[in-house]
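Coordinates from upload_34.tsv are shown below (TSV, C-alpha atoms and all ligand atoms).
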```
chain	number	residue	atom	x	y	z
A	292	MET	CA	0.00	0.00	0.00
A	293	TRP	CA	2.85	2.42	0.90
A	294	LYS	CA	4.69	1.35	-2.27
A	295	ARG	CA	1.65	2.22	-4.39
A	296	PHE	CA	1.06	5.54	-2.60
A	297	PHE	CA	4.70	6.58	-2.90
A	298	SER	CA	4.94	5.50	-6.56
A	299	ARG	CA	1.79	7.47	-7.44
A	300	GLN	CA	3.22	10.52	-5.71
A	301	ALA	CA	6.51	10.17	-7.59
A	302	ARG	CA	4.64	9.97	-10.91
A	303	ARG	CA	2.37	12.91	-10.19
A	304	PRO	CA	2.90	14.63	-6.81
A	305	SER	CA	-0.25	16.01	-5.19
A	306	GLY	CA	-1.39	17.81	-2.06
A	307	LEU	CA	0.74	18.52	0.97
A	308	PHE	CA	2.52	15.17	0.73
A	309	GLY	CA	3.51	15.97	-2.85
A	310	ARG	CA	4.95	19.31	-1.85
A	311	PHE	CA	6.89	17.66	1.01
A	312	VAL	CA	8.16	14.82	-1.21
A	313	SER	CA	9.30	17.28	-3.84
A	314	ARG	CA	11.48	19.20	-1.42
A	315	VAL	CA	13.01	16.16	0.28
A	316	ILE	CA	13.36	13.74	-2.62
A	317	PHE	CA	13.42	15.79	-5.81
A	318	ASP	CA	15.54	18.66	-4.50
A	319	LYS	CA	17.99	16.54	-2.50
A	320	GLY	CA	17.84	12.94	-3.76
A	321	ASN	CA	17.61	13.82	-7.46
A	322	GLN	CA	20.19	16.59	-7.30
A	323	PRO	CA	23.21	14.57	-8.58
A	324	LEU	CA	21.19	13.37	-11.59
A	325	ASN	CA	19.87	16.85	-12.33
A	326	THR	CA	23.42	18.23	-12.07
A	327	LEU	CA	24.64	15.65	-14.60
A	328	MET	CA	21.73	16.53	-16.91
A	329	LEU	CA	22.68	20.22	-16.75
A	330	GLU	CA	26.31	19.38	-17.51
A	331	VAL	CA	25.33	17.31	-20.54
A	332	MET	CA	22.89	20.01	-21.74
A	333	ALA	CA	25.47	22.81	-21.29
A	334	PRO	CA	22.82	25.51	-21.97
A	335	GLN	CA	24.10	28.51	-23.93
A	336	PRO	CA	22.95	32.16	-24.03
A	337	GLY	CA	20.06	32.69	-26.46
A	338	GLN	CA	18.91	29.07	-26.58
A	339	ALA	CA	15.32	27.87	-26.34
A	340	VAL	CA	14.98	24.95	-23.88
A	341	LEU	CA	12.03	22.77	-22.84
A	342	GLU	CA	11.96	20.59	-19.71
A	343	ILE	CA	9.34	17.85	-19.46
A	344	GLY	CA	8.29	17.09	-15.86
A	345	PHE	CA	10.19	19.90	-14.12
A	346	GLY	CA	9.08	18.88	-10.60
A	347	CYS	CA	10.09	21.60	-8.15
A	348	GLY	CA	11.73	23.65	-10.93
A	349	SER	CA	15.40	23.71	-9.93
A	350	VAL	CA	16.64	22.77	-13.43
A	351	ILE	CA	14.35	25.38	-15.01
A	352	LYS	CA	15.93	28.01	-12.75
A	353	SER	CA	19.52	26.95	-13.54
A	354	VAL	CA	18.81	26.89	-17.28
A	355	ALA	CA	17.07	30.30	-17.18
A	356	ASP	CA	20.11	31.71	-15.36
A	357	ALA	CA	22.34	30.30	-18.13
A	358	VAL	CA	20.47	31.13	-21.35
A	359	GLY	CA	20.36	34.90	-20.85
A	360	GLY	CA	18.08	36.31	-23.54
A	361	GLY	CA	16.89	32.82	-24.50
A	362	ARG	CA	13.61	31.12	-23.64
A	363	VAL	CA	12.93	28.38	-21.10
A	364	GLU	CA	9.69	26.44	-21.08
A	365	GLY	CA	8.55	23.67	-18.80
A	366	ILE	CA	5.56	21.37	-18.73
A	367	ASP	CA	4.35	19.31	-15.77
A	368	PHE	CA	0.95	17.75	-15.09
A	369	SER	CA	1.12	18.10	-11.28
A	370	ASP	CA	-0.72	21.03	-9.60
A	371	ALA	CA	1.60	20.73	-6.60
A	372	MET	CA	4.75	20.96	-8.73
A	373	MET	CA	3.32	23.91	-10.68
A	374	ASP	CA	2.94	25.80	-7.39
A	375	VAL	CA	6.43	24.94	-6.12
A	376	ALA	CA	8.16	25.65	-9.45
A	377	ARG	CA	6.23	28.89	-10.03
A	378	LYS	CA	7.36	30.23	-6.65
A	379	ARG	CA	10.95	29.20	-7.28
A	380	ASN	CA	11.03	30.85	-10.72
A	381	ARG	CA	8.84	33.87	-9.95
A	382	HIS	CA	11.43	36.45	-11.05
A	383	HIS	CA	12.20	34.69	-14.34
A	384	ILE	CA	8.46	34.23	-15.04
A	385	GLU	CA	7.71	37.89	-14.33
A	386	ALA	CA	10.58	38.90	-16.62
A	387	GLY	CA	9.17	36.70	-19.41
A	388	ARG	CA	12.21	34.41	-19.49
A	389	VAL	CA	10.35	31.30	-18.22
A	390	VAL	CA	6.97	29.89	-19.24
A	391	LEU	CA	5.57	27.01	-17.17
A	392	THR	CA	2.63	25.04	-18.55
A	393	HIS	CA	0.34	22.76	-16.58
A	394	GLY	CA	-0.27	19.73	-18.79
A	395	ASP	CA	0.84	16.42	-20.25
A	396	PHE	CA	3.67	16.66	-22.79
A	397	ASP	CA	2.07	13.89	-24.86
A	398	ALA	CA	-1.02	16.07	-25.38
A	399	ALA	CA	0.71	19.46	-25.65
A	400	SER	CA	0.79	21.46	-28.87
A	401	TYR	CA	4.32	22.82	-29.14
A	402	ALA	CA	5.33	24.08	-32.57
A	403	GLN	CA	7.64	21.91	-34.64
A	404	SER	CA	11.35	22.81	-34.54
A	405	ALA	CA	10.81	25.18	-31.57
A	406	PHE	CA	13.64	24.20	-29.20
A	407	ASP	CA	17.43	23.85	-29.16
A	408	THR	CA	17.25	21.37	-26.25
A	409	VAL	CA	14.54	19.19	-24.73
A	410	CYS	CA	15.42	17.60	-21.39
A	411	SER	CA	13.67	15.46	-18.83
A	412	ALA	CA	14.82	13.83	-15.58
A	413	ASN	CA	13.10	10.94	-13.84
A	414	THR	CA	10.01	10.91	-16.04
A	415	ILE	CA	10.71	8.28	-18.69
A	416	TYR	CA	9.62	5.48	-16.31
A	417	PHE	CA	6.08	6.87	-16.44
A	418	TRP	CA	5.67	7.45	-20.19
A	419	PRO	CA	2.85	5.22	-21.45
A	420	ASP	CA	4.37	5.02	-24.97
A	421	PRO	CA	8.08	5.99	-24.77
A	422	ALA	CA	8.62	5.54	-28.53
A	423	ALA	CA	5.81	8.00	-29.33
A	424	THR	CA	7.10	10.49	-26.74
A	425	CYS	CA	10.64	10.30	-28.19
A	426	SER	CA	9.17	11.01	-31.65
A	427	ARG	CA	7.29	14.03	-30.29
A	428	ILE	CA	10.51	15.31	-28.73
A	429	HIS	CA	12.26	14.88	-32.09
A	430	SER	CA	9.54	16.91	-33.84
A	431	VAL	CA	9.71	19.89	-31.45
A	432	LEU	CA	13.52	20.13	-31.71
A	433	LYS	CA	15.25	22.33	-34.26
A	434	PRO	CA	17.56	20.53	-36.72
A	435	GLY	CA	20.79	19.99	-34.77
A	436	GLY	CA	18.93	20.30	-31.45
A	437	ARG	CA	19.59	17.91	-28.56
A	438	VAL	CA	17.52	15.67	-26.35
A	439	VAL	CA	18.88	14.85	-22.88
A	440	LEU	CA	17.08	12.22	-20.79
A	441	ALA	CA	18.20	11.51	-17.21
A	442	PHE	CA	17.09	8.50	-15.21
A	443	VAL	CA	18.14	5.80	-12.76
A	444	ASP	CA	19.14	2.58	-14.52
A	445	LYS	CA	16.87	-0.47	-14.44
A	446	SER	CA	19.54	-2.53	-12.64
A	447	LYS	CA	19.13	-0.25	-9.60
A	448	MET	CA	15.41	0.49	-9.94
A	449	ASP	CA	14.51	-3.22	-10.01
A	450	SER	CA	15.76	-3.55	-6.42
A	451	MET	CA	13.88	-0.51	-5.12
A	452	PRO	CA	10.56	-0.75	-3.25
A	453	LEU	CA	8.47	0.69	-6.10
A	454	ASP	CA	5.13	-0.28	-7.62
A	455	MET	CA	6.13	-1.61	-11.03
A	456	ASP	CA	2.57	-1.11	-12.33
A	457	ILE	CA	3.39	2.61	-12.09
A	458	PHE	CA	7.17	2.66	-12.73
A	459	ARG	CA	8.64	1.07	-15.84
A	460	PRO	CA	12.41	0.94	-15.20
A	461	MET	CA	14.57	1.50	-18.28
A	462	ALA	CA	18.10	0.32	-19.12
A	463	ALA	CA	20.55	2.66	-20.85
A	464	GLY	CA	20.56	0.51	-23.98
A	465	THR	CA	16.76	0.61	-24.18
A	466	VAL	CA	16.68	4.40	-23.96
A	467	ALA	CA	19.50	4.75	-26.52
A	468	GLY	CA	17.57	2.43	-28.86
A	469	LEU	CA	14.39	4.50	-28.44
A	470	LEU	CA	16.26	7.68	-29.37
A	471	GLU	CA	17.87	6.09	-32.41
A	472	ALA	CA	14.52	4.70	-33.55
A	473	ALA	CA	13.02	8.20	-33.22
A	474	GLY	CA	15.68	9.56	-35.59
A	475	PHE	CA	18.37	10.87	-33.23
A	476	SER	CA	22.07	10.43	-34.01
A	477	ALA	CA	25.28	10.70	-31.98
A	478	VAL	CA	23.51	9.00	-29.08
A	479	GLU	CA	25.76	8.90	-25.99
A	480	THR	CA	25.39	7.79	-22.38
A	481	ARG	CA	27.06	9.32	-19.33
A	482	SER	CA	26.76	8.53	-15.62
A	483	VAL	CA	27.20	10.43	-12.37
A	484	PRO	CA	30.92	10.02	-11.45
A	485	ASP	CA	30.37	8.17	-8.16
A	486	ASN	CA	27.04	6.56	-9.03
A	487	ALA	CA	27.06	4.45	-12.20
A	488	ALA	CA	23.29	3.85	-11.99
A	489	MET	CA	22.45	7.55	-12.45
A	490	LEU	CA	22.46	8.05	-16.21
A	491	CYS	CA	21.97	10.59	-18.95
A	492	VAL	CA	21.32	9.52	-22.53
A	493	ALA	CA	21.59	12.31	-25.10
A	494	GLY	CA	21.14	12.50	-28.86
A	495	ARG	CA	21.14	15.03	-31.69
A	496	LYS	CA	18.39	15.67	-34.25
A	501	LIG	C1	9.71	11.85	-10.33
A	501	LIG	S1	9.25	13.51	-10.68
A	501	LIG	C2	10.81	14.19	-11.25
A	501	LIG	C3	10.90	15.68	-11.06
A	501	LIG	C4	12.22	16.31	-11.54
A	501	LIG	N1	12.38	16.19	-12.95
A	501	LIG	C5	13.40	15.69	-10.80
A	501	LIG	O1	14.14	14.89	-11.39
A	501	LIG	O2	13.60	16.00	-9.63
A	501	LIG	C6	8.32	13.35	-12.18
A	501	LIG	C7	7.70	14.68	-12.59
A	501	LIG	O3	7.29	14.61	-13.95
A	501	LIG	C8	5.95	15.00	-14.09
A	501	LIG	N2	5.47	14.25	-15.26
A	501	LIG	C9	5.54	12.91	-15.47
A	501	LIG	N3	5.08	12.59	-16.68
A	501	LIG	C10	4.72	13.76	-17.28
A	501	LIG	C11	4.18	14.10	-18.56
A	501	LIG	N4	3.88	13.15	-19.47
A	501	LIG	N5	3.93	15.39	-18.86
A	501	LIG	C12	4.19	16.36	-17.92
A	501	LIG	N6	4.70	16.10	-16.69
A	501	LIG	C13	4.97	14.82	-16.38
A	501	LIG	C14	5.31	14.70	-12.73
A	501	LIG	O4	4.18	15.49	-12.45
A	501	LIG	C15	6.46	15.01	-11.77
A	501	LIG	O5	6.50	16.36	-11.38
```
Can you turn what I pasted into structure tokens?
Ligand SMILES: C[S@@+](CC[C@H](N)C(=O)[O-])C[C@H]1O[C@@H](n2cnc3c(N)ncnc32)[C@H](O)[C@@H]1O
Amino acid sequence: MWKRFFSRQARRPSGLFGRFVSRVIFDKGNQPLNTLMLEVMAPQPGQAVLEIGFGCGSVIKSVADAVGGGRVEGIDFSDAMMDVARKRNRHHIEAGRVVLTHGDFDAASYAQSAFDTVCSANTIYFWPDPAATCSRIHSVLKPGGRVVLAFVDKSKMDSMPLDMDIFRPMAAGTVAGLLEAAGFSAVETRSVPDNAAMLCVAGRK
């Protein structure tokens, strides 16, 4: 019962528990993976970046700090995370540098070739049709744009007390194969230096 409750909250945080979980787990526990994702993305001034499933919005803030006159968008289908991320990015939102959308990326209507980078950390386990989502990411990227997906490897996730009806753990090779099948090239995998199970798979359109 706890496993199911926790797994549901991880997929889509809600209420007070969601807000608490986000601060303790997303901000602290996911920090090494989010740091790796930022390193791999290496956001540059003027770029347009989209994050899928921004959680409490720490990556959005770091990217907005880095892209200067660029544009940072985020989409997340959790009310609780919208509130937390909005507060954290209030200044960037008011200045028009960050746009946060409440919704499901799979149903969103982003223009084709709109972004230089699309990133997402710890969401791929929940995608109902990962191949279709990777194709959508490919379509919203500019030619030459990059996708960066960060996640904990299946070898580690399989031993964690999670509800596997909600989580679908992914291996690095599976994610790399999904990106190649969606049309990405130069697909590469990197891990957190002292934690080989924390991975980033990136590719170029
Ligand atoms: C486990 S949390 C990860 C949060 C953050 N990326 C991190 O690594 O700390 C998953 C987040 O993705 C959001 N999410 C999952 N699938 C999504 C989708 N298809 N569209 C939008 N948001 C999604 C959830 O609401 C939640 O905030």
Proximity to Phe458 of chain A - best of A:Gly346, A:Pro334, A:Pro419, A:Gly387, all atoms listed in the file: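 Of A:Gly346, A:Pro334, A:Pro419, A:Gly387, the one nearest Phe458 of chain A is A:Pro419, counting all atoms listed in the file.
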Which chain A residues have any atom within 9 Å of an atom of ligand LIG 501 (chain A), and for each, what is the nearest pair of atoms with distance in Å to one decimal, counting all atoms listed in the file, rows sorted by chain and number, as CSV?
```
residue,atom,partner,partner_atom,distance
A:Ser298,CA,A:LIG501,C1,8.8
A:Gln300,CA,A:LIG501,C1,8.1
A:Ala301,CA,A:LIG501,C1,4.5
A:Arg302,CA,A:LIG501,C14,5.1
A:Arg303,CA,A:LIG501,O4,3.9
A:Pro304,CA,A:LIG501,O4,5.8
A:Ser305,CA,A:LIG501,O4,8.5
A:Ser313,CA,A:LIG501,O2,7.3
A:Ile316,CA,A:LIG501,O2,7.4
A:Phe317,CA,A:LIG501,O2,3.8
A:Asp318,CA,A:LIG501,O2,6.1
A:Lys319,CA,A:LIG501,O2,8.4
A:Gly320,CA,A:LIG501,O2,7.9
A:Asn321,CA,A:LIG501,O2,5.1
A:Gln322,CA,A:LIG501,O2,7.0
A:Leu324,CA,A:LIG501,O1,7.2
A:Asn325,CA,A:LIG501,O1,6.1
A:Glu342,CA,A:LIG501,N1,8.1
A:Ile343,CA,A:LIG501,C12,5.6
A:Gly344,CA,A:LIG501,O3,3.3
A:Phe345,CA,A:LIG501,N1,4.5
A:Gly346,CA,A:LIG501,O5,3.7
A:Cys347,CA,A:LIG501,C4,6.6
A:Gly348,CA,A:LIG501,C4,7.4
A:Ser349,CA,A:LIG501,O2,7.9
A:Val350,CA,A:LIG501,N1,7.9
A:Gly365,CA,A:LIG501,C12,8.6
A:Ile366,CA,A:LIG501,C12,5.3
A:Asp367,CA,A:LIG501,N6,3.4
A:Phe368,CA,A:LIG501,N6,4.4
A:Ser369,CA,A:LIG501,O4,4.2
A:Asp370,CA,A:LIG501,O4,7.9
A:Ala371,CA,A:LIG501,O5,8.1
A:Met372,CA,A:LIG501,O5,5.6
A:Met373,CA,A:LIG501,O5,8.2
A:Thr392,CA,A:LIG501,C12,8.8
A:His393,CA,A:LIG501,C12,7.6
A:Gly394,CA,A:LIG501,C12,5.7
A:Asp395,CA,A:LIG501,N5,3.5
A:Phe396,CA,A:LIG501,N5,4.1
A:Asp397,CA,A:LIG501,N4,5.7
A:Ala398,CA,A:LIG501,N4,8.2
A:Ala399,CA,A:LIG501,N5,8.5
A:Ser411,CA,A:LIG501,N1,6.1
A:Ala412,CA,A:LIG501,N1,4.3
A:Asn413,CA,A:LIG501,C2,4.7
A:Thr414,CA,A:LIG501,C6,4.9
A:Ile415,CA,A:LIG501,N3,7.4
A:Tyr416,CA,A:LIG501,N3,8.4
A:Phe417,CA,A:LIG501,N3,5.8
A:Trp418,CA,A:LIG501,N4,6.0
A:Pro419,CA,A:LIG501,N4,8.2
A:Thr424,CA,A:LIG501,N4,8.4
A:Ala441,CA,A:LIG501,O1,7.9
A:Phe442,CA,A:LIG501,O1,8.0
```
Shell of 9 Å around segment 352-363 of chain A, only C-alpha atoms, local chain residues under 6 positions omitted, as a list in words: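 Answer for this query is Leu329, Ala333, Pro334, Gln335, Pro336, Gly337, Gln338, Ala339, Val340, Leu341, Glu342, Ala376, Arg379, Asn380, His383, Gly387, Arg388, Val389, Val390, Leu391 and Phe406 of chain A.
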Among listed residues A:Ala473, A:Met332, A:Ala462, A:Val315, nearest Val439 of chain A (using all atoms listed in the file):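 With all atoms listed in the file as the atom set, the closest residue is A:Met332.
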Nearest to Val438 of chain A by atom-to-atom distance, counting all atoms listed in the file, from A:Glu330, A:Glu364, A:Asp374, A:Asp407: A:Asp407
d(atom CA of Ala405 of chain A, atom CA of Ala422 of chain A) in Å: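 It comes out at 20.0 Å.
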Expected answer as a ChimeraX atom specification: all residues with atoms within 6 Å of (15.8, 23.8, -38.1), only C-alpha atoms: /A:404,433-434
Minimum-distance residue to Arg459 of chain A, chosen among A:Arg495, A:Thr326, A:Asp444, A:Ala386 (using only C-alpha atoms):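 Ranking A:Arg495, A:Thr326, A:Asp444, A:Ala386 by distance to Arg459 of chain A, first place goes to A:Asp444.
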A:Lys496, A:Val466, A:Ser476, A:Glu385 ranked by distance to Ile428 of chain A, top pick (using only C-alpha atoms):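 Ranked by minimum distance to Ile428 of chain A, first place goes to A:Lys496.
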Long-range neighbours of Leu469 of chain A as number ranges by chain, 9 Å cut-off, all atoms listed in the file, 5 positions minimum in chain: A: 421-422, 425-426, 464, 474-475
Among the residues A:Ser482, A:Cys491, A:Asp454, A:Ala472, the one that comes closest to Ala423 of chain A [using only C-alpha atoms]: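 Among the listed residues, the smallest separation from Ala423 of chain A belongs to A:Ala472.
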Tell me, as an mmCIF file with C-alpha atoms, in the frame of the given file, which residues lie within 12 Å of Ala487 of chain A, counting only C-alpha atoms; anything in the same chain fewer than 2 positions away does not count.
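New file selection.cif:
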```cif
data_model
loop_
_atom_site.group_PDB
_atom_site.id
_atom_site.type_symbol
_atom_site.label_atom_id
_atom_site.label_comp_id
_atom_site.auth_asym_id
_atom_site.auth_seq_id
_atom_site.Cartn_x
_atom_site.Cartn_y
_atom_site.Cartn_z
ATOM 1 C CA PRO A 323 23.210 14.570 -8.580
ATOM 2 C CA LEU A 324 21.190 13.370 -11.590
ATOM 3 C CA LEU A 327 24.640 15.650 -14.600
ATOM 4 C CA PHE A 442 17.090 8.500 -15.210
ATOM 5 C CA VAL A 443 18.140 5.800 -12.760
ATOM 6 C CA ASP A 444 19.140 2.580 -14.520
ATOM 7 C CA LYS A 445 16.870 -0.470 -14.440
ATOM 8 C CA SER A 446 19.540 -2.530 -12.640
ATOM 9 C CA LYS A 447 19.130 -0.250 -9.600
ATOM 10 C CA ALA A 463 20.550 2.660 -20.850
ATOM 11 C CA THR A 480 25.390 7.790 -22.380
ATOM 12 C CA ARG A 481 27.060 9.320 -19.330
ATOM 13 C CA SER A 482 26.760 8.530 -15.620
ATOM 14 C CA VAL A 483 27.200 10.430 -12.370
ATOM 15 C CA PRO A 484 30.920 10.020 -11.450
ATOM 16 C CA ASP A 485 30.370 8.170 -8.160
ATOM 17 C CA MET A 489 22.450 7.550 -12.450
ATOM 18 C CA LEU A 490 22.460 8.050 -16.210
ATOM 19 C CA CYS A 491 21.970 10.590 -18.950
#
```
Interatomic distance, atom CA of Val492 of chain A to atom CA of Val478 of chain A (Å, one decimal):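 Computing it gives 6.9 Å between the two atoms.
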Atomic distance atom CA of Glu479 of chain A - atom CA of Val331 of chain A, expressed in Å with one decimal: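 Computed distance, atom CA of Glu479 of chain A to atom CA of Val331 of chain A, equals 10.0 Å.
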Pull out segment 413-437 of chain A, keep N, CA, C and O atoms, and write it as a short mmCIF file (atom, residue, chain, number, x, y, z; two decimals), in the first residue's frame.
```
data_model
loop_
_atom_site.label_atom_id
_atom_site.label_comp_id
_atom_site.auth_asym_id
_atom_site.auth_seq_id
_atom_site.Cartn_x
_atom_site.Cartn_y
_atom_site.Cartn_z
N ASN A 413 13.96 11.79 -14.69
CA ASN A 413 13.10 10.94 -13.84
C ASN A 413 11.64 10.94 -14.26
O ASN A 413 10.74 10.91 -13.42
N THR A 414 11.40 11.02 -15.57
CA THR A 414 10.01 10.91 -16.04
C THR A 414 9.81 9.75 -17.00
O THR A 414 8.69 9.28 -17.17
N ILE A 415 10.88 9.26 -17.62
CA ILE A 415 10.71 8.28 -18.69
C ILE A 415 10.05 6.99 -18.17
O ILE A 415 9.34 6.32 -18.90
N TYR A 416 10.24 6.71 -16.87
CA TYR A 416 9.62 5.48 -16.31
C TYR A 416 8.10 5.52 -16.39
O TYR A 416 7.44 4.49 -16.28
N PHE A 417 7.54 6.72 -16.51
CA PHE A 417 6.08 6.87 -16.44
C PHE A 417 5.44 7.05 -17.81
O PHE A 417 4.21 7.16 -17.90
N TRP A 418 6.24 7.17 -18.87
CA TRP A 418 5.67 7.45 -20.19
C TRP A 418 4.92 6.22 -20.69
O TRP A 418 5.51 5.13 -20.82
N PRO A 419 3.63 6.37 -21.02
CA PRO A 419 2.85 5.22 -21.45
C PRO A 419 3.36 4.63 -22.77
O PRO A 419 3.30 3.42 -22.98
N ASP A 420 3.86 5.49 -23.67
CA ASP A 420 4.37 5.02 -24.97
C ASP A 420 5.69 5.76 -25.24
O ASP A 420 5.72 6.78 -25.94
N PRO A 421 6.81 5.26 -24.67
CA PRO A 421 8.08 5.99 -24.77
C PRO A 421 8.52 6.25 -26.21
O PRO A 421 9.10 7.29 -26.50
N ALA A 422 8.21 5.32 -27.13
CA ALA A 422 8.62 5.54 -28.53
C ALA A 422 7.89 6.75 -29.10
O ALA A 422 8.50 7.59 -29.78
N ALA A 423 6.59 6.86 -28.81
CA ALA A 423 5.81 8.00 -29.33
C ALA A 423 6.30 9.30 -28.70
O ALA A 423 6.41 10.33 -29.37
N THR A 424 6.63 9.27 -27.41
CA THR A 424 7.10 10.49 -26.74
C THR A 424 8.46 10.92 -27.31
O THR A 424 8.68 12.11 -27.55
N CYS A 425 9.34 9.96 -27.59
CA CYS A 425 10.64 10.30 -28.19
C CYS A 425 10.44 10.92 -29.58
O CYS A 425 11.15 11.86 -29.95
N SER A 426 9.46 10.42 -30.34
CA SER A 426 9.17 11.01 -31.65
C SER A 426 8.64 12.43 -31.53
O SER A 426 9.01 13.31 -32.31
N ARG A 427 7.81 12.66 -30.51
CA ARG A 427 7.29 14.03 -30.29
C ARG A 427 8.43 14.97 -29.94
O ARG A 427 8.47 16.12 -30.38
N ILE A 428 9.34 14.49 -29.09
CA ILE A 428 10.51 15.31 -28.73
C ILE A 428 11.29 15.66 -29.99
O ILE A 428 11.69 16.81 -30.20
N HIS A 429 11.51 14.66 -30.84
CA HIS A 429 12.26 14.88 -32.09
C HIS A 429 11.57 15.97 -32.92
O HIS A 429 12.22 16.87 -33.44
N SER A 430 10.24 15.94 -32.97
CA SER A 430 9.54 16.91 -33.84
C SER A 430 9.61 18.33 -33.29
O SER A 430 9.62 19.29 -34.07
N VAL A 431 9.68 18.52 -31.98
CA VAL A 431 9.71 19.89 -31.45
C VAL A 431 11.13 20.47 -31.39
O VAL A 431 11.29 21.65 -31.09
N LEU A 432 12.13 19.63 -31.69
CA LEU A 432 13.52 20.13 -31.71
C LEU A 432 13.87 20.73 -33.07
O LEU A 432 13.42 20.25 -34.11
N LYS A 433 14.71 21.78 -33.02
CA LYS A 433 15.25 22.33 -34.26
C LYS A 433 16.24 21.32 -34.86
O LYS A 433 16.83 20.53 -34.09
N PRO A 434 16.49 21.37 -36.16
CA PRO A 434 17.56 20.53 -36.72
C PRO A 434 18.87 20.83 -35.97
O PRO A 434 19.20 22.00 -35.74
N GLY A 435 19.56 19.80 -35.54
CA GLY A 435 20.79 19.99 -34.77
C GLY A 435 20.54 20.10 -33.27
O GLY A 435 21.48 20.13 -32.48
N GLY A 436 19.26 20.19 -32.87
CA GLY A 436 18.93 20.30 -31.45
C GLY A 436 19.18 18.99 -30.70
O GLY A 436 19.35 17.93 -31.31
N ARG A 437 19.22 19.09 -29.36
CA ARG A 437 19.59 17.91 -28.56
C ARG A 437 18.50 17.51 -27.58
O ARG A 437 17.83 18.36 -26.98
#
```
